$ cat start32.cif   # mmCIF, C-alpha atoms and all ligand atoms
data_structure
#
loop_
_atom_site.group_PDB
_atom_site.id
_atom_site.type_symbol
_atom_site.label_atom_id
_atom_site.label_comp_id
_atom_site.auth_asym_id
_atom_site.auth_seq_id
_atom_site.Cartn_x
_atom_site.Cartn_y
_atom_site.Cartn_z
ATOM 1 C CA MET A 1 -14.641 -15.083 -58.730
ATOM 2 C CA LYS A 2 -16.150 -17.263 -61.439
ATOM 3 C CA LYS A 3 -15.638 -21.004 -61.191
ATOM 4 C CA ASN A 4 -13.933 -22.962 -63.919
ATOM 5 C CA LEU A 5 -15.083 -26.325 -65.222
ATOM 6 C CA LYS A 6 -12.202 -28.812 -65.010
ATOM 7 C CA LEU A 7 -11.700 -31.203 -67.915
ATOM 8 C CA ALA A 8 -9.157 -34.057 -67.848
ATOM 9 C CA VAL A 9 -7.566 -35.169 -71.118
ATOM 10 C CA GLN A 10 -4.740 -37.594 -71.899
ATOM 11 C CA LYS A 11 -1.391 -35.824 -71.566
ATOM 12 C CA LYS A 12 0.491 -37.702 -74.244
ATOM 13 C CA GLY A 13 -0.824 -40.581 -76.279
ATOM 14 C CA ARG A 14 -3.275 -41.703 -78.886
ATOM 15 C CA LEU A 15 -6.159 -39.560 -77.652
ATOM 16 C CA SER A 16 -4.253 -36.331 -76.960
ATOM 17 C CA ASP A 17 -4.269 -34.604 -80.354
ATOM 18 C CA LYS A 18 -7.841 -35.510 -81.214
ATOM 19 C CA SER A 19 -9.069 -34.397 -77.781
ATOM 20 C CA MET A 20 -7.434 -30.991 -78.194
ATOM 21 C CA GLN A 21 -8.688 -30.748 -81.764
ATOM 22 C CA LEU A 22 -12.237 -31.380 -80.589
ATOM 23 C CA LEU A 23 -11.923 -28.546 -78.054
ATOM 24 C CA ARG A 24 -10.578 -26.184 -80.701
ATOM 25 C CA ASN A 25 -13.439 -27.151 -83.024
ATOM 26 C CA CYS A 26 -15.725 -26.016 -80.213
ATOM 27 C CA GLY A 27 -14.212 -22.552 -80.527
ATOM 28 C CA LEU A 28 -12.069 -22.791 -77.404
ATOM 29 C CA ASP A 29 -8.905 -20.771 -77.379
ATOM 30 C CA ILE A 30 -6.361 -22.718 -75.354
ATOM 31 C CA GLU A 31 -3.068 -21.344 -74.066
ATOM 32 C CA ASN A 32 0.149 -22.962 -75.167
ATOM 33 C CA PHE A 33 0.232 -26.141 -73.109
ATOM 34 C CA GLN A 34 3.646 -27.625 -73.743
ATOM 35 C CA ASP A 35 4.703 -29.604 -70.688
ATOM 36 C CA ARG A 36 2.163 -27.946 -68.432
ATOM 37 C CA LEU A 37 -0.129 -29.984 -66.243
ATOM 38 C CA ILE A 38 -2.982 -27.542 -66.286
ATOM 39 C CA VAL A 39 -3.961 -24.785 -68.716
ATOM 40 C CA SER A 40 -6.991 -22.578 -69.092
ATOM 41 C CA ALA A 41 -9.089 -21.622 -72.069
ATOM 42 C CA THR A 42 -8.863 -17.886 -72.640
ATOM 43 C CA ASN A 43 -12.457 -17.551 -73.870
ATOM 44 C CA PHE A 44 -14.363 -20.085 -71.738
ATOM 45 C CA ASN A 45 -14.354 -20.887 -68.007
ATOM 46 C CA LEU A 46 -12.473 -24.124 -68.514
ATOM 47 C CA ASP A 47 -9.260 -25.583 -67.075
ATOM 48 C CA ILE A 48 -7.701 -28.531 -68.861
ATOM 49 C CA LEU A 49 -5.807 -31.074 -66.755
ATOM 50 C CA PHE A 50 -3.318 -33.266 -68.593
ATOM 51 C CA LEU A 51 -3.175 -36.744 -67.073
ATOM 52 C CA ARG A 52 -2.314 -40.363 -67.861
ATOM 53 C CA ASP A 53 -5.361 -41.960 -69.375
ATOM 54 C CA ASP A 54 -5.532 -44.677 -66.677
ATOM 55 C CA ASP A 55 -6.002 -41.996 -64.031
ATOM 56 C CA ILE A 56 -8.762 -40.009 -65.729
ATOM 57 C CA PRO A 57 -11.795 -42.095 -64.587
ATOM 58 C CA GLU A 58 -10.729 -41.853 -60.952
ATOM 59 C CA TYR A 59 -10.088 -38.106 -61.036
ATOM 60 C CA VAL A 60 -13.541 -37.674 -62.547
ATOM 61 C CA GLN A 61 -15.236 -39.999 -60.078
ATOM 62 C CA ASP A 62 -13.709 -37.969 -57.249
ATOM 63 C CA ASN A 63 -14.861 -34.729 -58.916
ATOM 64 C CA VAL A 64 -11.255 -33.423 -58.931
ATOM 65 C CA ALA A 65 -11.794 -33.136 -62.669
ATOM 66 C CA HIS A 66 -15.493 -32.528 -63.315
ATOM 67 C CA ILE A 67 -15.393 -34.112 -66.764
ATOM 68 C CA GLY A 68 -12.903 -36.053 -68.883
ATOM 69 C CA ILE A 69 -12.143 -37.445 -72.302
ATOM 70 C CA VAL A 70 -10.960 -41.056 -72.144
ATOM 71 C CA GLY A 71 -11.330 -44.436 -73.864
ATOM 72 C CA GLU A 72 -14.417 -46.406 -72.834
ATOM 73 C CA ASN A 73 -12.043 -49.309 -72.206
ATOM 74 C CA GLU A 74 -10.414 -47.409 -69.314
ATOM 75 C CA VAL A 75 -13.782 -46.492 -67.819
ATOM 76 C CA LEU A 76 -15.032 -50.080 -67.900
ATOM 77 C CA GLU A 77 -11.767 -51.544 -66.642
ATOM 78 C CA LYS A 78 -11.634 -49.236 -63.655
ATOM 79 C CA GLY A 79 -15.303 -49.890 -62.879
ATOM 80 C CA LEU A 80 -15.629 -46.448 -61.294
ATOM 81 C CA ASP A 81 -18.793 -44.511 -60.748
ATOM 82 C CA VAL A 82 -18.763 -41.976 -63.585
ATOM 83 C CA GLU A 83 -21.304 -41.213 -66.268
ATOM 84 C CA ILE A 84 -20.490 -41.756 -69.950
ATOM 85 C CA VAL A 85 -22.157 -38.742 -71.533
ATOM 86 C CA LYS A 86 -21.194 -38.966 -75.178
ATOM 87 C CA LYS A 87 -19.163 -41.186 -77.483
ATOM 88 C CA LEU A 88 -16.815 -38.966 -79.443
ATOM 89 C CA GLY A 89 -16.126 -40.991 -82.596
ATOM 90 C CA PHE A 90 -12.316 -41.135 -82.356
ATOM 91 C CA GLY A 91 -9.834 -43.474 -80.642
ATOM 92 C CA ARG A 92 -11.743 -46.425 -82.010
ATOM 93 C CA CYS A 93 -10.249 -49.797 -81.192
ATOM 94 C CA SER A 94 -11.309 -53.187 -79.972
ATOM 95 C CA LEU A 95 -10.194 -55.255 -77.034
ATOM 96 C CA SER A 96 -9.564 -58.539 -78.795
ATOM 97 C CA LEU A 97 -7.994 -61.908 -78.308
ATOM 98 C CA GLY A 98 -4.573 -62.265 -79.939
ATOM 99 C CA ILE A 99 -3.373 -65.784 -80.576
ATOM 100 C CA PRO A 100 -0.172 -67.236 -82.098
ATOM 101 C CA GLU A 101 -0.356 -67.259 -85.926
ATOM 102 C CA LYS A 102 -0.427 -71.049 -86.041
ATOM 103 C CA SER A 103 -3.115 -71.497 -83.374
ATOM 104 C CA LYS A 104 -6.748 -71.872 -84.135
ATOM 105 C CA ILE A 105 -9.635 -71.037 -81.864
ATOM 106 C CA ASN A 106 -13.248 -70.943 -82.882
ATOM 107 C CA ASP A 107 -15.032 -69.440 -79.944
ATOM 108 C CA VAL A 108 -14.774 -68.449 -76.319
ATOM 109 C CA ASN A 109 -14.954 -72.067 -75.128
ATOM 110 C CA ASP A 110 -11.539 -72.699 -76.647
ATOM 111 C CA LEU A 111 -10.107 -70.401 -73.960
ATOM 112 C CA SER A 112 -10.960 -72.954 -71.321
ATOM 113 C CA ASN A 113 -7.974 -73.712 -69.057
ATOM 114 C CA LYS A 114 -5.694 -71.443 -71.091
ATOM 115 C CA THR A 115 -3.544 -68.624 -69.763
ATOM 116 C CA ILE A 116 -4.300 -65.155 -71.126
ATOM 117 C CA ALA A 117 -2.135 -62.085 -70.574
ATOM 118 C CA THR A 118 -3.825 -58.685 -70.555
ATOM 119 C CA SER A 119 -3.756 -55.123 -69.225
ATOM 120 C CA TYR A 120 -7.551 -55.320 -68.907
ATOM 121 C CA PRO A 121 -8.041 -58.106 -66.338
ATOM 122 C CA ASN A 122 -11.422 -56.885 -65.098
ATOM 123 C CA ILE A 123 -13.054 -56.621 -68.507
ATOM 124 C CA LEU A 124 -11.598 -60.002 -69.513
ATOM 125 C CA LYS A 125 -12.603 -61.747 -66.287
ATOM 126 C CA ASN A 126 -16.158 -60.418 -66.587
ATOM 127 C CA TYR A 127 -16.288 -61.628 -70.148
ATOM 128 C CA LEU A 128 -15.096 -65.113 -69.130
ATOM 129 C CA VAL A 129 -17.624 -65.287 -66.289
ATOM 130 C CA GLU A 130 -20.456 -64.188 -68.619
ATOM 131 C CA ASN A 131 -19.490 -66.980 -70.976
ATOM 132 C CA ASN A 132 -18.976 -69.586 -68.264
ATOM 133 C CA VAL A 133 -15.371 -70.208 -69.207
ATOM 134 C CA GLU A 134 -12.561 -70.808 -66.746
ATOM 135 C CA ALA A 135 -9.204 -69.498 -67.806
ATOM 136 C CA LYS A 136 -6.183 -68.055 -66.040
ATOM 137 C CA VAL A 137 -5.789 -64.313 -66.440
ATOM 138 C CA ILE A 138 -2.353 -62.754 -65.991
ATOM 139 C CA GLU A 139 -2.209 -58.994 -65.572
ATOM 140 C CA LEU A 140 0.619 -57.168 -67.340
ATOM 141 C CA SER A 141 0.842 -53.394 -67.427
ATOM 142 C CA GLY A 142 2.397 -53.177 -70.899
ATOM 143 C CA SER A 143 4.045 -55.051 -73.791
ATOM 144 C CA VAL A 144 1.407 -57.717 -73.468
ATOM 145 C CA GLU A 145 2.031 -58.925 -76.995
ATOM 146 C CA ILE A 146 5.366 -60.529 -76.155
ATOM 147 C CA ALA A 147 3.857 -62.789 -73.461
ATOM 148 C CA PRO A 148 3.134 -65.784 -75.752
ATOM 149 C CA SER A 149 6.656 -65.840 -77.245
ATOM 150 C CA LEU A 150 8.131 -65.678 -73.727
ATOM 151 C CA GLY A 151 5.988 -68.642 -72.749
ATOM 152 C CA VAL A 152 4.209 -66.594 -70.087
ATOM 153 C CA ALA A 153 0.760 -67.004 -71.628
ATOM 154 C CA ASP A 154 -1.024 -68.948 -74.378
ATOM 155 C CA PHE A 155 -2.966 -65.967 -75.656
ATOM 156 C CA ILE A 156 -3.271 -62.259 -75.081
ATOM 157 C CA CYS A 157 -6.230 -59.906 -74.803
ATOM 158 C CA ASP A 158 -5.269 -56.417 -75.888
ATOM 159 C CA LEU A 159 -6.396 -53.279 -77.687
ATOM 160 C CA VAL A 160 -6.181 -53.606 -81.456
ATOM 161 C CA SER A 161 -6.895 -51.148 -84.224
ATOM 162 C CA THR A 162 -4.882 -52.112 -87.330
ATOM 163 C CA GLY A 163 -3.487 -55.414 -86.037
ATOM 164 C CA ASN A 164 0.083 -54.427 -87.048
ATOM 165 C CA THR A 165 1.507 -54.821 -83.535
ATOM 166 C CA LEU A 166 0.038 -58.312 -83.353
ATOM 167 C CA LYS A 167 1.559 -59.199 -86.704
ATOM 168 C CA LEU A 168 5.009 -57.983 -85.642
ATOM 169 C CA ASN A 169 4.812 -60.394 -82.731
ATOM 170 C CA LYS A 170 3.627 -63.316 -84.853
ATOM 171 C CA LEU A 171 0.144 -63.129 -83.432
ATOM 172 C CA LYS A 172 -3.203 -62.798 -85.163
ATOM 173 C CA LYS A 173 -6.482 -61.280 -84.101
ATOM 174 C CA SER A 174 -9.130 -63.696 -82.938
ATOM 175 C CA PHE A 175 -12.532 -62.679 -81.581
ATOM 176 C CA LYS A 176 -13.530 -59.389 -80.028
ATOM 177 C CA VAL A 177 -14.280 -58.871 -76.354
ATOM 178 C CA LEU A 178 -15.200 -55.174 -76.490
ATOM 179 C CA ASP A 179 -15.506 -52.255 -78.916
ATOM 180 C CA SER A 180 -14.191 -48.975 -77.607
ATOM 181 C CA GLN A 181 -13.843 -45.326 -78.574
ATOM 182 C CA ALA A 182 -13.087 -42.071 -76.798
ATOM 183 C CA ALA A 183 -15.947 -40.787 -74.673
ATOM 184 C CA LEU A 184 -16.846 -37.688 -72.698
ATOM 185 C CA ILE A 185 -17.372 -38.688 -69.078
ATOM 186 C CA LYS A 186 -18.645 -36.684 -66.153
ATOM 187 C CA SER A 187 -18.632 -36.875 -62.409
ATOM 188 C CA LYS A 188 -21.963 -37.812 -60.900
ATOM 189 C CA ILE A 189 -21.887 -34.972 -58.404
ATOM 190 C CA MET A 190 -20.693 -32.208 -60.709
ATOM 191 C CA ASP A 191 -24.187 -31.032 -61.632
ATOM 192 C CA GLU A 192 -25.080 -30.368 -58.029
ATOM 193 C CA ASP A 193 -23.275 -27.076 -58.588
ATOM 194 C CA PRO A 194 -25.511 -24.947 -60.845
ATOM 195 C CA GLU A 195 -22.619 -22.820 -62.048
ATOM 196 C CA LEU A 196 -20.648 -25.866 -63.196
ATOM 197 C CA LYS A 197 -23.731 -27.480 -64.685
ATOM 198 C CA LYS A 198 -24.362 -24.381 -66.771
ATOM 199 C CA LEU A 199 -20.792 -24.417 -68.070
ATOM 200 C CA PHE A 200 -21.029 -28.134 -68.790
ATOM 201 C CA ASP A 201 -24.304 -27.800 -70.718
ATOM 202 C CA LYS A 202 -22.791 -25.016 -72.781
ATOM 203 C CA LEU A 203 -19.678 -27.061 -73.587
ATOM 204 C CA LEU A 204 -21.707 -30.181 -74.374
ATOM 205 C CA GLU A 205 -23.868 -28.241 -76.802
ATOM 206 C CA ARG A 206 -20.735 -27.060 -78.592
ATOM 207 C CA ILE A 207 -19.267 -30.571 -78.665
ATOM 208 C CA GLU A 208 -22.491 -31.981 -80.085
ATOM 209 C CA SER A 209 -22.704 -29.327 -82.777
ATOM 210 C CA SER A 210 -19.088 -29.911 -83.763
ATOM 211 C CA LEU A 211 -19.589 -33.695 -83.942
ATOM 212 C CA LYS A 212 -22.705 -33.207 -86.054
ATOM 213 C CA ALA A 213 -20.786 -30.894 -88.374
ATOM 214 C CA GLN A 214 -17.977 -33.412 -88.803
ATOM 215 C CA LYS A 215 -20.487 -35.941 -90.003
ATOM 216 C CA SER A 216 -22.094 -33.516 -92.444
ATOM 217 C CA LYS A 217 -21.211 -31.871 -95.731
ATOM 218 C CA TYR A 218 -22.448 -28.719 -97.362
ATOM 219 C CA ILE A 219 -23.222 -29.577 -100.986
ATOM 220 C CA MET A 220 -23.824 -27.199 -103.873
ATOM 221 C CA MET A 221 -24.725 -27.878 -107.493
ATOM 222 C CA ASN A 222 -26.294 -26.350 -110.559
ATOM 223 C CA ILE A 223 -29.365 -28.027 -111.994
ATOM 224 C CA PRO A 224 -31.716 -27.565 -114.948
ATOM 225 C CA LYS A 225 -34.853 -25.780 -113.691
ATOM 226 C CA ASN A 226 -37.160 -28.587 -114.770
ATOM 227 C CA SER A 227 -35.364 -31.242 -112.677
ATOM 228 C CA LEU A 228 -35.837 -29.454 -109.330
ATOM 229 C CA ASP A 229 -38.507 -31.859 -108.045
ATOM 230 C CA ARG A 230 -36.407 -34.898 -108.889
ATOM 231 C CA ILE A 231 -33.274 -33.380 -107.296
ATOM 232 C CA ILE A 232 -35.128 -32.532 -104.081
ATOM 233 C CA GLU A 233 -36.319 -36.130 -103.943
ATOM 234 C CA ILE A 234 -32.741 -37.393 -104.174
ATOM 235 C CA ILE A 235 -31.175 -35.094 -101.542
ATOM 236 C CA PRO A 236 -31.591 -36.462 -97.988
ATOM 237 C CA SER A 237 -31.238 -32.965 -96.584
ATOM 238 C CA LEU A 238 -31.162 -32.002 -92.899
ATOM 239 C CA LYS A 239 -33.576 -29.195 -93.772
ATOM 240 C CA SER A 240 -35.266 -28.225 -96.993
ATOM 241 C CA PRO A 241 -32.550 -27.324 -99.542
ATOM 242 C CA THR A 242 -31.808 -23.735 -100.545
ATOM 243 C CA VAL A 243 -32.730 -22.988 -104.163
ATOM 244 C CA LEU A 244 -31.225 -19.923 -105.846
ATOM 245 C CA PRO A 245 -31.724 -18.420 -109.302
ATOM 246 C CA LEU A 246 -28.743 -18.134 -111.678
ATOM 247 C CA SER A 247 -28.064 -15.671 -114.483
ATOM 248 C CA ASP A 248 -28.915 -18.439 -116.950
ATOM 249 C CA GLU A 249 -32.683 -18.631 -116.545
ATOM 250 C CA ASN A 250 -32.818 -22.326 -117.334
ATOM 251 C CA LEU A 251 -30.586 -23.187 -114.373
ATOM 252 C CA LEU A 252 -30.895 -23.106 -110.581
ATOM 253 C CA ALA A 253 -28.323 -23.512 -107.818
ATOM 254 C CA VAL A 254 -29.217 -25.928 -105.053
ATOM 255 C CA HIS A 255 -27.444 -25.940 -101.653
ATOM 256 C CA ALA A 256 -28.056 -28.458 -98.879
ATOM 257 C CA VAL A 257 -26.539 -30.044 -95.783
ATOM 258 C CA ILE A 258 -26.353 -33.821 -95.918
ATOM 259 C CA SER A 259 -24.687 -36.494 -93.848
ATOM 260 C CA GLU A 260 -21.204 -37.274 -95.125
ATOM 261 C CA ASN A 261 -21.786 -40.939 -95.800
ATOM 262 C CA LYS A 262 -24.694 -40.122 -98.132
ATOM 263 C CA PHE A 263 -22.589 -37.929 -100.445
ATOM 264 C CA TRP A 264 -21.164 -40.701 -102.608
ATOM 265 C CA ASP A 265 -24.460 -42.618 -102.606
ATOM 266 C CA ILE A 266 -26.443 -39.801 -104.173
ATOM 267 C CA ASN A 267 -23.750 -38.447 -106.476
ATOM 268 C CA GLU A 268 -24.601 -40.686 -109.435
ATOM 269 C CA ASP A 269 -28.336 -40.042 -109.113
ATOM 270 C CA LEU A 270 -27.761 -36.287 -108.985
ATOM 271 C CA LYS A 271 -25.681 -36.416 -112.163
ATOM 272 C CA LYS A 272 -28.303 -38.541 -113.906
ATOM 273 C CA ALA A 273 -30.946 -35.992 -112.944
ATOM 274 C CA GLY A 274 -28.881 -33.284 -114.685
ATOM 275 C CA ALA A 275 -26.887 -31.760 -111.792
ATOM 276 C CA SER A 276 -23.472 -30.365 -112.681
ATOM 277 C CA GLY A 277 -20.617 -28.705 -110.817
ATOM 278 C CA ILE A 278 -21.403 -30.673 -107.672
ATOM 279 C CA LEU A 279 -19.286 -29.370 -104.772
ATOM 280 C CA SER A 280 -19.006 -30.694 -101.253
ATOM 281 C CA LEU A 281 -17.540 -28.557 -98.459
ATOM 282 C CA PRO A 282 -16.686 -29.302 -94.830
ATOM 283 C CA ILE A 283 -18.803 -27.620 -92.151
ATOM 284 C CA GLU A 284 -17.326 -26.225 -88.940
ATOM 285 C CA ASN A 285 -20.432 -26.201 -86.765
ATOM 286 C CA ILE A 286 -24.140 -26.926 -86.986
ATOM 287 C CA ILE A 287 -26.497 -25.369 -84.495
ATOM 288 C CA LEU A 288 -29.996 -26.701 -84.984
HETATM 289 P P1 LIG A 301 -0.877 -43.176 -70.856
HETATM 290 O O1 LIG A 301 0.560 -42.797 -70.809
HETATM 291 O O2 LIG A 301 -1.759 -41.954 -70.887
HETATM 292 O O3 LIG A 301 -1.290 -44.161 -69.790
HETATM 293 P P2 LIG A 301 -1.313 -45.369 -72.739
HETATM 294 O O4 LIG A 301 -0.042 -45.851 -73.323
HETATM 295 O O5 LIG A 301 -1.974 -46.141 -71.650
HETATM 296 O O6 LIG A 301 -1.107 -43.851 -72.291
HETATM 297 P P3 LIG A 301 -2.368 -45.038 -75.439
HETATM 298 O O7 LIG A 301 -1.621 -46.140 -76.107
HETATM 299 O O8 LIG A 301 -1.989 -43.632 -75.768
HETATM 300 O O9 LIG A 301 -2.428 -45.217 -73.852
HETATM 301 O O10 LIG A 301 -3.911 -45.257 -75.755
HETATM 302 C C1 LIG A 301 -4.885 -44.420 -75.226
HETATM 303 C C2 LIG A 301 -6.248 -44.929 -75.632
HETATM 304 O O11 LIG A 301 -6.366 -44.891 -77.054
HETATM 305 C C3 LIG A 301 -6.571 -46.359 -75.281
HETATM 306 O O12 LIG A 301 -6.978 -46.523 -73.948
HETATM 307 C C4 LIG A 301 -7.709 -46.663 -76.255
HETATM 308 O O13 LIG A 301 -8.924 -46.182 -75.745
HETATM 309 C C5 LIG A 301 -7.337 -45.837 -77.488
HETATM 310 N N1 LIG A 301 -6.789 -46.630 -78.627
HETATM 311 C C6 LIG A 301 -7.161 -46.515 -79.916
HETATM 312 N N2 LIG A 301 -6.495 -47.366 -80.705
HETATM 313 C C7 LIG A 301 -5.680 -48.042 -79.934
HETATM 314 C C8 LIG A 301 -4.702 -49.072 -80.171
HETATM 315 N N3 LIG A 301 -4.489 -49.570 -81.374
HETATM 316 N N4 LIG A 301 -3.998 -49.515 -79.132
HETATM 317 C C9 LIG A 301 -4.185 -49.004 -77.914
HETATM 318 N N5 LIG A 301 -5.103 -48.047 -77.627
HETATM 319 C C10 LIG A 301 -5.845 -47.572 -78.613
HETATM 320 MG MG MG A 302 -2.512 -45.710 -69.868
#
$ encode --input "start32.cif" --output "structure tokens"
Amino acid sequence: MKKNLKLAVQKKGRLSDKSMQLLRNCGLDIENFQDRLIVSATNFNLDILFLRDDDIPEYVQDNVAHIGIVGENEVLEKGLDVEIVKKLGFGRCSLSLGIPEKSKINDVNDLSNKTIATSYPNILKNYLVENNVEAKVIELSGSVEIAPSLGVADFICDLVSTGNTLKLNKLKKSFKVLDSQAALIKSKIMDEDPELKKLFDKLLERIESSLKAQKSKYIMMNIPKNSLDRIIEIIPSLKSPTVLPLSDENLLAVHAVISENKFWDINEDLKKAGASGILSLPIENIIL
């Protein structure tokens, strides 16, 4: 019987939907997974294990799950022996200091002799040691942001994306301890099995092509024939653009793949060079 690669993803939380979306973008057909702990892809030798995010690094270290999708913050906090293979570009947040609205701190030295509540004691303690600062770290498993108003801690160190939760608790964001995003991790002994390694390489290739596609746009435009050289100069294309004739002999159609963040930069220049009907379309996959 063929072996299945086992992938751990967060069961329910901020990373769940995007993790499943990424797998679907890779062309995986996944059975209905409502309330199930493990499901299989119908068109790939893959089992998906739904777990709490805190547990994912350990399952992967122990090779119970061969690979996983989890926040870098969890990997670093647990300090387990897994390999971060690829940052996935979602679940972005920062582990930052939160301080009462009226407080003022300038840098890490102002934490000296203060009490800081956090769910990430290891990352915070390492950070304090690296900066030669002595502070008391209190570990709380959740609702860290209420610690200052309860008088349990002076400051907090927690994950922040918009800062709204801090604001609701009359706290403000101070400096950053760590940037984090979701990452693909793998067990260090998984590739000793050639069958699993083959499956992993295949999946990774699909993930990479889907991430590349997300960052790219397919653009199309019509241009006057005599501005072709100028237009080609402007387009920072992945490959040389496609140039097609149109029924109007004075015009050409130009198609190209460009990185998404370049689209708005070059738009004005393209128009100035005579391009019209500029379209940009999403791309599902890019295999180079
Ligand atoms: P679980 O029940 O799986 O343990 P959780 O409550 O610990 O879930 P979530 O709040 O769903 O975890 O967050 C999962 C991950 O999402 C975090 O570890 C982090 O990597 C990422 N993340 C992105 N933005 C934020 C944010 N604003 N606050 C917390 N985590 C965030
Ligand atoms: Mg958790």
$ resolve_selection --input "start32.cif" --expression "the PyMOL selection byres (((chain A and resi 94) around 8) and not hetatm)" --output "ChimeraX atom specification"
/A:92-93,95-96,158-161,176-180
$ write_last_selection --input "start32.cif" --atoms "C-alpha atoms" --output "short mmCIF file (atom, residue, chain, number, x, y, z; two decimals), in the coordinates of the input"
data_model
loop_
_atom_site.label_atom_id
_atom_site.label_comp_id
_atom_site.auth_asym_id
_atom_site.auth_seq_id
_atom_site.Cartn_x
_atom_site.Cartn_y
_atom_site.Cartn_z
CA ARG A 92 -11.74 -46.42 -82.01
CA CYS A 93 -10.25 -49.80 -81.19
CA LEU A 95 -10.19 -55.26 -77.03
CA SER A 96 -9.56 -58.54 -78.80
CA ASP A 158 -5.27 -56.42 -75.89
CA LEU A 159 -6.40 -53.28 -77.69
CA VAL A 160 -6.18 -53.61 -81.46
CA SER A 161 -6.90 -51.15 -84.22
CA LYS A 176 -13.53 -59.39 -80.03
CA VAL A 177 -14.28 -58.87 -76.35
CA LEU A 178 -15.20 -55.17 -76.49
CA ASP A 179 -15.51 -52.26 -78.92
CA SER A 180 -14.19 -48.98 -77.61
#
$ atom_distance --input "start32.cif" --atom1 "CA of Pro148 in chain A" --atom2 "CA of Ile116 in chain A"
8.8 Å
$ atom_distance --input "start32.cif" --atom1 "CA of Asn132 in chain A" --atom2 "CA of Gly98 in chain A"
19.9 Å
$ closest_residue --input "start32.cif" --among "A:Ala153, A:Ile185, A:Leu246, A:Ala213" --to "Leu7 in chain A" --atoms "only C-alpha atoms"
A:Ile185
$ closest_residue --input "start32.cif" --among "A:Leu196, A:Leu166, A:Ile231, A:Ile56" --to "Ala275 in chain A" --atoms "all atoms listed in the file"
A:Ile231
$ resolve_selection --input "start32.cif" --expression "the PyMOL selection byres (((chain A and resi 258) around 6) and not hetatm)" --output "PyMOL selection string"
chain A and resi 216-217+237-238+257+259
$ closest_residue --input "start32.cif" --among "A:Ala147, A:Leu88, A:Val75, A:Ile30" --to "ligand MG 302 (chain A)" --atoms "all atoms listed in the file"
A:Val75
$ resolve_selection --input "start32.cif" --expression "the PyMOL selection byres (((chain A and resi 266) around 12) and not hetatm)" --output "ChimeraX atom specification"
/A:219,231-237,258-265,267-273,275,278
$ write_last_selection --input "start32.cif" --atoms "C-alpha atoms" --output "PDB file, in the coordinates of the input"
ATOM      1  CA  ILE A 219     -23.222 -29.577-100.986  1.00  0.00           C
ATOM      2  CA  ILE A 231     -33.274 -33.380-107.296  1.00  0.00           C
ATOM      3  CA  ILE A 232     -35.128 -32.532-104.081  1.00  0.00           C
ATOM      4  CA  GLU A 233     -36.319 -36.130-103.943  1.00  0.00           C
ATOM      5  CA  ILE A 234     -32.741 -37.393-104.174  1.00  0.00           C
ATOM      6  CA  ILE A 235     -31.175 -35.094-101.542  1.00  0.00           C
ATOM      7  CA  PRO A 236     -31.591 -36.462 -97.988  1.00  0.00           C
ATOM      8  CA  SER A 237     -31.238 -32.965 -96.584  1.00  0.00           C
ATOM      9  CA  ILE A 258     -26.353 -33.821 -95.918  1.00  0.00           C
ATOM     10  CA  SER A 259     -24.687 -36.494 -93.848  1.00  0.00           C
ATOM     11  CA  GLU A 260     -21.204 -37.274 -95.125  1.00  0.00           C
ATOM     12  CA  ASN A 261     -21.786 -40.939 -95.800  1.00  0.00           C
ATOM     13  CA  LYS A 262     -24.694 -40.122 -98.132  1.00  0.00           C
ATOM     14  CA  PHE A 263     -22.589 -37.929-100.445  1.00  0.00           C
ATOM     15  CA  TRP A 264     -21.164 -40.701-102.608  1.00  0.00           C
ATOM     16  CA  ASP A 265     -24.460 -42.618-102.606  1.00  0.00           C
ATOM     17  CA  ASN A 267     -23.750 -38.447-106.476  1.00  0.00           C
ATOM     18  CA  GLU A 268     -24.601 -40.686-109.435  1.00  0.00           C
ATOM     19  CA  ASP A 269     -28.336 -40.042-109.113  1.00  0.00           C
ATOM     20  CA  LEU A 270     -27.761 -36.287-108.985  1.00  0.00           C
ATOM     21  CA  LYS A 271     -25.681 -36.416-112.163  1.00  0.00           C
ATOM     22  CA  LYS A 272     -28.303 -38.541-113.906  1.00  0.00           C
ATOM     23  CA  ALA A 273     -30.946 -35.992-112.944  1.00  0.00           C
ATOM     24  CA  ALA A 275     -26.887 -31.760-111.792  1.00  0.00           C
ATOM     25  CA  ILE A 278     -21.403 -30.673-107.672  1.00  0.00           C
TER      26      ILE A 278
END
